[in-house]
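Notes for the one structure printed next.
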Amino acid sequence: MTVKVRASCSWMLKAILNQREDLAGMQAWKDSLSAKKFRKKKIYIGFLTNNLTVPWRKVFYDNEARPRAVFITWLACHGRLATKDRLKRFGILDNENCVLCAGTESLYHLLFDCNKTRDIWKEVLQWMQVDHNPQRWEHELSWIIHMSKNKNWKSRLLKTAFVETVYSCWSYRNAIVYRSDDRDRNRSIHSEVIDTIVHRIWRKPSLREKIAPFLL
């Protein structure tokens, strides 16, 4: 309880250590100290009630995307993707130029202000017959949060497509940075995203009839 929060600590460790003040004032913690048996469930529930839920949580409910795609999108929602503008602030890079275009690589630019990634998302939306013009990350996240309020199969399909597209755009960017892949490969990425969506959705028998018309 007395460990100092150092500047070198990871953001996750800092978040954990910063909860100590809330823990000290929590009634469940005080009761646990005097109880014969410590029950961590009460502490966990206490933390849940003390913290507000994030608005984008429903994007991940009933989402058929791959776990790795969900994780990358979760990092994006927290603003923790290692984009060039963040790496430059940390002193790791000396430039923040987008590898896909002439812009500045930030989360808001990469998803989906950049022409390359915007085209990928537009192609996926057109395949789903969704009339929507992609914008920057904060607008797209707000839009997908609004669309996720419904519990029908279309909402489930759209959430899956959104998460898989975010992951594919990030993977596409990394392939260029670390493997010097072709920048024009974005023309085929939307097809890869669609194939993944179909594969993931088809695993659910109740959704096969719904997605079948998109395959014609």
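As shown in the structure tokens, the chain order sets the letters A, B, ...; within each chain, residues go from 1, and ligands are also counted from 1 in the order they appear.
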Would you return as an MDAnalysis selection string the members of region 28-194 of chain A that DSSP assigns to helix (DSSP H, G or I) on this structure's backbone? chainID A and resid 28:34 40:50 55:60 67:77 84:89 107:113 115:127 137:147 153:179 183:194
Which residues come within 8 Å of region 169-176 of chain A, counting only C-alpha atoms, excluding same-chain residues fewer than 3 positions away, as a list in words?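 The neighbour list is Val99, Leu100, Leu111, Thr117, Ile120, Thr165, Val166, Arg179, Ser180, Asp181, Asp182, Arg183 and Asn186 of chain A.
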Just the number, please: distance in Å from CA of Tyr167 (chain A) to CA of Lys149 (chain A), one decimal. 22.0 Å
Nearest-residue call for Arg208 (chain A), choices A:His132, A:Leu157, A:Phe71, A:Leu107, using only C-alpha atoms: A:Leu157
If you count only C-alpha atoms, which residues fall within 12 Å of Lys88 (chain A), apart from same-chain ones fewer than 4 positions away, as a PyMOL selection string? chain A and resi 82-84+92-97+104-106
Restricting the output to all heavy atoms, write the selected residues as a PDB file, in the first residue's frame.
ATOM      1  N   ALA A  82       0.083   2.537 -30.296  1.00  0.00           N
ATOM      2  CA  ALA A  82       1.414   3.152 -30.424  1.00  0.00           C
ATOM      3  C   ALA A  82       1.555   3.858 -31.765  1.00  0.00           C
ATOM      4  O   ALA A  82       2.374   3.480 -32.614  1.00  0.00           O
ATOM      5  CB  ALA A  82       2.492   2.080 -30.259  1.00  0.00           C
ATOM      6  N   THR A  83       0.766   4.890 -31.962  1.00  0.00           N
ATOM      7  CA  THR A  83       0.859   5.689 -33.177  1.00  0.00           C
ATOM      8  C   THR A  83       2.102   6.578 -33.111  1.00  0.00           C
ATOM      9  O   THR A  83       2.652   6.815 -32.037  1.00  0.00           O
ATOM     10  CB  THR A  83      -0.398   6.550 -33.353  1.00  0.00           C
ATOM     11  OG1 THR A  83      -0.664   7.244 -32.124  1.00  0.00           O
ATOM     12  CG2 THR A  83      -1.598   5.691 -33.704  1.00  0.00           C
ATOM     13  N   LYS A  84       2.512   7.093 -34.247  1.00  0.00           N
ATOM     14  CA  LYS A  84       3.766   7.841 -34.311  1.00  0.00           C
ATOM     15  C   LYS A  84       3.758   9.110 -33.465  1.00  0.00           C
ATOM     16  O   LYS A  84       4.795   9.504 -32.923  1.00  0.00           O
ATOM     17  CB  LYS A  84       4.107   8.181 -35.756  1.00  0.00           C
ATOM     18  CG  LYS A  84       4.662   7.004 -36.554  1.00  0.00           C
ATOM     19  CD  LYS A  84       5.232   7.478 -37.883  1.00  0.00           C
ATOM     20  CE  LYS A  84       5.969   6.367 -38.599  1.00  0.00           C
ATOM     21  NZ  LYS A  84       6.609   6.835 -39.846  1.00  0.00           N
ATOM     22  N   ILE A  92      10.782   8.332 -28.686  1.00  0.00           N
ATOM     23  CA  ILE A  92      11.195   7.104 -29.369  1.00  0.00           C
ATOM     24  C   ILE A  92      11.421   7.362 -30.860  1.00  0.00           C
ATOM     25  O   ILE A  92      12.321   6.782 -31.467  1.00  0.00           O
ATOM     26  CB  ILE A  92      10.140   6.000 -29.159  1.00  0.00           C
ATOM     27  CG1 ILE A  92      10.009   5.688 -27.660  1.00  0.00           C
ATOM     28  CG2 ILE A  92      10.505   4.736 -29.935  1.00  0.00           C
ATOM     29  CD1 ILE A  92       8.916   4.690 -27.338  1.00  0.00           C
ATOM     30  N   LEU A  93      10.611   8.233 -31.456  1.00  0.00           N
ATOM     31  CA  LEU A  93      10.741   8.588 -32.868  1.00  0.00           C
ATOM     32  C   LEU A  93      11.019  10.080 -33.008  1.00  0.00           C
ATOM     33  O   LEU A  93      10.735  10.862 -32.094  1.00  0.00           O
ATOM     34  CB  LEU A  93       9.461   8.230 -33.629  1.00  0.00           C
ATOM     35  CG  LEU A  93       9.072   6.750 -33.730  1.00  0.00           C
ATOM     36  CD1 LEU A  93       7.770   6.607 -34.495  1.00  0.00           C
ATOM     37  CD2 LEU A  93      10.160   5.927 -34.397  1.00  0.00           C
ATOM     38  N   ASP A  94      11.565  10.460 -34.151  1.00  0.00           N
ATOM     39  CA  ASP A  94      11.825  11.882 -34.395  1.00  0.00           C
ATOM     40  C   ASP A  94      10.875  12.459 -35.442  1.00  0.00           C
ATOM     41  O   ASP A  94      11.013  13.605 -35.844  1.00  0.00           O
ATOM     42  CB  ASP A  94      13.278  12.100 -34.834  1.00  0.00           C
ATOM     43  CG  ASP A  94      13.626  11.313 -36.090  1.00  0.00           C
ATOM     44  OD1 ASP A  94      12.744  10.608 -36.615  1.00  0.00           O
ATOM     45  OD2 ASP A  94      14.787  11.405 -36.548  1.00  0.00           O
ATOM     46  N   ASN A  95       9.909  11.646 -35.923  1.00  0.00           N
ATOM     47  CA  ASN A  95       8.926  12.166 -36.869  1.00  0.00           C
ATOM     48  C   ASN A  95       7.583  11.500 -36.597  1.00  0.00           C
ATOM     49  O   ASN A  95       7.512  10.439 -35.956  1.00  0.00           O
ATOM     50  CB  ASN A  95       9.356  11.928 -38.316  1.00  0.00           C
ATOM     51  CG  ASN A  95       9.176  10.485 -38.747  1.00  0.00           C
ATOM     52  OD1 ASN A  95       8.083  10.073 -39.142  1.00  0.00           O
ATOM     53  ND2 ASN A  95      10.258   9.695 -38.662  1.00  0.00           N
ATOM     54  N   GLU A  96       6.535  12.126 -37.074  1.00  0.00           N
ATOM     55  CA  GLU A  96       5.193  11.591 -36.864  1.00  0.00           C
ATOM     56  C   GLU A  96       4.418  11.528 -38.177  1.00  0.00           C
ATOM     57  O   GLU A  96       3.200  11.667 -38.204  1.00  0.00           O
ATOM     58  CB  GLU A  96       4.432  12.443 -35.840  1.00  0.00           C
ATOM     59  CG  GLU A  96       4.448  13.929 -36.126  1.00  0.00           C
ATOM     60  CD  GLU A  96       3.854  14.745 -34.998  1.00  0.00           C
ATOM     61  OE1 GLU A  96       3.616  14.203 -33.909  1.00  0.00           O
ATOM     62  OE2 GLU A  96       3.624  15.950 -35.220  1.00  0.00           O
ATOM     63  N   ASN A  97       5.146  11.291 -39.253  1.00  0.00           N
ATOM     64  CA  ASN A  97       4.538  11.245 -40.586  1.00  0.00           C
ATOM     65  C   ASN A  97       3.788   9.938 -40.792  1.00  0.00           C
ATOM     66  O   ASN A  97       4.307   8.852 -40.489  1.00  0.00           O
ATOM     67  CB  ASN A  97       5.608  11.384 -41.668  1.00  0.00           C
ATOM     68  CG  ASN A  97       6.362  12.700 -41.557  1.00  0.00           C
ATOM     69  OD1 ASN A  97       5.811  13.702 -41.112  1.00  0.00           O
ATOM     70  ND2 ASN A  97       7.632  12.696 -41.948  1.00  0.00           N
ATOM     71  N   THR A 104      -0.258  13.571 -40.548  1.00  0.00           N
ATOM     72  CA  THR A 104       0.402  13.277 -39.275  1.00  0.00           C
ATOM     73  C   THR A 104      -0.273  12.077 -38.642  1.00  0.00           C
ATOM     74  O   THR A 104      -1.487  12.086 -38.430  1.00  0.00           O
ATOM     75  CB  THR A 104       0.309  14.486 -38.315  1.00  0.00           C
ATOM     76  OG1 THR A 104       0.986  15.603 -38.897  1.00  0.00           O
ATOM     77  CG2 THR A 104       0.952  14.155 -36.977  1.00  0.00           C
ATOM     78  N   GLU A 105       0.504  11.042 -38.331  1.00  0.00           N
ATOM     79  CA  GLU A 105      -0.090   9.814 -37.832  1.00  0.00           C
ATOM     80  C   GLU A 105      -0.485   9.937 -36.364  1.00  0.00           C
ATOM     81  O   GLU A 105       0.343   9.944 -35.472  1.00  0.00           O
ATOM     82  CB  GLU A 105       0.869   8.631 -37.996  1.00  0.00           C
ATOM     83  CG  GLU A 105       0.198   7.310 -37.629  1.00  0.00           C
ATOM     84  CD  GLU A 105       1.161   6.147 -37.604  1.00  0.00           C
ATOM     85  OE1 GLU A 105       1.351   5.525 -38.663  1.00  0.00           O
ATOM     86  OE2 GLU A 105       1.723   5.868 -36.528  1.00  0.00           O
ATOM     87  N   SER A 106      -1.772  10.055 -36.148  1.00  0.00           N
ATOM     88  CA  SER A 106      -2.360  10.000 -34.819  1.00  0.00           C
ATOM     89  C   SER A 106      -3.508   9.011 -34.884  1.00  0.00           C
ATOM     90  O   SER A 106      -3.899   8.563 -35.973  1.00  0.00           O
ATOM     91  CB  SER A 106      -2.875  11.378 -34.390  1.00  0.00           C
ATOM     92  OG  SER A 106      -3.937  11.791 -35.242  1.00  0.00           O
TER      93      SER A 106
END
Pick from A:Arg6, A:Lys122, A:Lys36, A:Lys58 nearest to Lys159 (chain A), counting only C-alpha atoms: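 Closest to Lys159 (chain A) of all the choices is A:Lys58.
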Contacts of Val54 (chain A) within 12 Å, only C-alpha atoms, excl. fewer than 4 positions in-chain, as a PyMOL selection string: chain A and resi 48+58-60+74+77-78+142+145
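Counting only C-alpha atoms, Leu125 (chain A) has the following residues at most 12 Å away, ignoring those fewer than 3 positions along the same chain: A:Arg118, A:Asp119, A:Ile120, A:Trp121, A:Lys122, A:Met128, A:Gln129, A:Val130, A:Asp131, A:His132, A:Asn133, A:Pro134, A:Lys154, A:Leu157, A:Leu158, A:Lys159, A:Thr160, A:Ala161, A:Phe162, A:Thr165, A:His190, A:Ser191, A:Val193, A:Ile194, A:Ile197, A:Phe214.
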Next, write the just-selected residues to a file, as a compact mmCIF listing (two decimals), in the first residue's frame, keeping C-alpha atoms as the atom set.
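File produced: selection_29.txt:
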# COMPACT_ATOMS: atom_id res chain seq x y z
CA ARG A 118 -11.16 5.39 -44.95
CA ASP A 119 -11.49 3.58 -48.28
CA ILE A 120 -11.20 0.22 -46.52
CA TRP A 121 -13.98 1.08 -44.06
CA LYS A 122 -16.16 2.53 -46.85
CA MET A 128 -23.14 -4.37 -45.64
CA GLN A 129 -25.39 -1.90 -47.50
CA VAL A 130 -24.90 0.71 -44.77
CA ASP A 131 -25.21 4.32 -45.92
CA HIS A 132 -22.57 6.09 -43.84
CA ASN A 133 -19.67 8.39 -44.70
CA PRO A 134 -16.63 7.58 -42.49
CA LYS A 154 -27.60 -5.96 -37.98
CA LEU A 157 -22.82 -7.57 -37.78
CA LEU A 158 -21.87 -3.90 -37.77
CA LYS A 159 -19.99 -4.15 -34.46
CA THR A 160 -18.07 -7.15 -35.73
CA ALA A 161 -17.22 -5.34 -38.96
CA PHE A 162 -16.07 -2.22 -37.11
CA THR A 165 -11.73 -3.18 -39.76
CA HIS A 190 -11.47 -4.81 -47.45
CA SER A 191 -11.97 -8.22 -49.11
CA VAL A 193 -12.02 -8.06 -43.73
CA ILE A 194 -15.25 -9.21 -45.37
CA ILE A 197 -16.59 -11.23 -40.97
CA PHE A 214 -24.72 -10.64 -48.55
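For the pair CA of Glu140 (chain A) and CA of Leu110 (chain A), the separation is 11.9 Å.
Distances from A:Phe90, A:Trp127, A:Tyr178, A:Trp137 to Cys114 (chain A) were compared using only C-alpha atoms, and the smallest one belongs to A:Trp137.
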Using only C-alpha atoms, which residues sit within 10 Å of Arg200 (chain A) once same-chain residues fewer than 2 positions away are excluded, as a VMD selection string? chain A and resid 63 to 66 157 160 194 to 198 202 to 204
Taking N, CA and C atoms for each residue, export the selection above as a PDB file, in the first residue's frame.
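Generated output (out-v7.pdb):
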ATOM      1  N   ASN A  63     -20.113  -9.389 -29.759  1.00  0.00           N
ATOM      2  CA  ASN A  63     -19.270  -9.086 -30.909  1.00  0.00           C
ATOM      3  C   ASN A  63     -18.545 -10.366 -31.323  1.00  0.00           C
ATOM      4  N   GLU A  64     -18.689 -10.726 -32.583  1.00  0.00           N
ATOM      5  CA  GLU A  64     -18.123 -11.982 -33.081  1.00  0.00           C
ATOM      6  C   GLU A  64     -16.702 -11.828 -33.623  1.00  0.00           C
ATOM      7  N   ALA A  65     -16.095 -10.661 -33.454  1.00  0.00           N
ATOM      8  CA  ALA A  65     -14.740 -10.431 -33.964  1.00  0.00           C
ATOM      9  C   ALA A  65     -13.723 -11.295 -33.227  1.00  0.00           C
ATOM     10  N   ARG A  66     -12.569 -11.467 -33.833  1.00  0.00           N
ATOM     11  CA  ARG A  66     -11.497 -12.253 -33.227  1.00  0.00           C
ATOM     12  C   ARG A  66     -10.973 -11.570 -31.960  1.00  0.00           C
ATOM     13  N   LEU A 157     -23.665  -7.522 -36.580  1.00  0.00           N
ATOM     14  CA  LEU A 157     -22.822  -7.570 -37.778  1.00  0.00           C
ATOM     15  C   LEU A 157     -21.971  -6.314 -37.889  1.00  0.00           C
ATOM     16  N   THR A 160     -19.123  -6.232 -35.318  1.00  0.00           N
ATOM     17  CA  THR A 160     -18.070  -7.153 -35.727  1.00  0.00           C
ATOM     18  C   THR A 160     -17.238  -6.553 -36.854  1.00  0.00           C
ATOM     19  N   ILE A 194     -13.938  -8.612 -45.097  1.00  0.00           N
ATOM     20  CA  ILE A 194     -15.254  -9.208 -45.372  1.00  0.00           C
ATOM     21  C   ILE A 194     -15.210 -10.716 -45.206  1.00  0.00           C
ATOM     22  N   ASP A 195     -14.148 -11.360 -45.698  1.00  0.00           N
ATOM     23  CA  ASP A 195     -14.008 -12.811 -45.556  1.00  0.00           C
ATOM     24  C   ASP A 195     -13.976 -13.203 -44.074  1.00  0.00           C
ATOM     25  N   THR A 196     -13.274 -12.415 -43.276  1.00  0.00           N
ATOM     26  CA  THR A 196     -13.185 -12.702 -41.843  1.00  0.00           C
ATOM     27  C   THR A 196     -14.542 -12.531 -41.170  1.00  0.00           C
ATOM     28  N   ILE A 197     -15.263 -11.474 -41.541  1.00  0.00           N
ATOM     29  CA  ILE A 197     -16.590 -11.230 -40.968  1.00  0.00           C
ATOM     30  C   ILE A 197     -17.520 -12.392 -41.279  1.00  0.00           C
ATOM     31  N   VAL A 198     -17.525 -12.810 -42.536  1.00  0.00           N
ATOM     32  CA  VAL A 198     -18.391 -13.917 -42.944  1.00  0.00           C
ATOM     33  C   VAL A 198     -18.039 -15.184 -42.174  1.00  0.00           C
ATOM     34  N   TRP A 202     -20.669 -16.774 -39.640  1.00  0.00           N
ATOM     35  CA  TRP A 202     -21.207 -18.064 -40.091  1.00  0.00           C
ATOM     36  C   TRP A 202     -21.099 -19.135 -39.006  1.00  0.00           C
ATOM     37  N   ARG A 203     -20.241 -18.909 -38.033  1.00  0.00           N
ATOM     38  CA  ARG A 203     -20.096 -19.857 -36.928  1.00  0.00           C
ATOM     39  C   ARG A 203     -21.340 -19.899 -36.050  1.00  0.00           C
ATOM     40  N   LYS A 204     -22.183 -18.889 -36.162  1.00  0.00           N
ATOM     41  CA  LYS A 204     -23.411 -18.825 -35.388  1.00  0.00           C
ATOM     42  C   LYS A 204     -24.592 -19.266 -36.271  1.00  0.00           C
TER      43      LYS A 204
END
Computed gap from CA of Arg156 (chain A) to CA of Tyr61 (chain A) is 8.5 Å
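Nearest-residue note for Met147 (chain A): choosing from A:Trp56, A:Tyr44, A:Trp11, A:Tyr108, the minimum distance belongs to A:Trp56, counting only C-alpha atoms.
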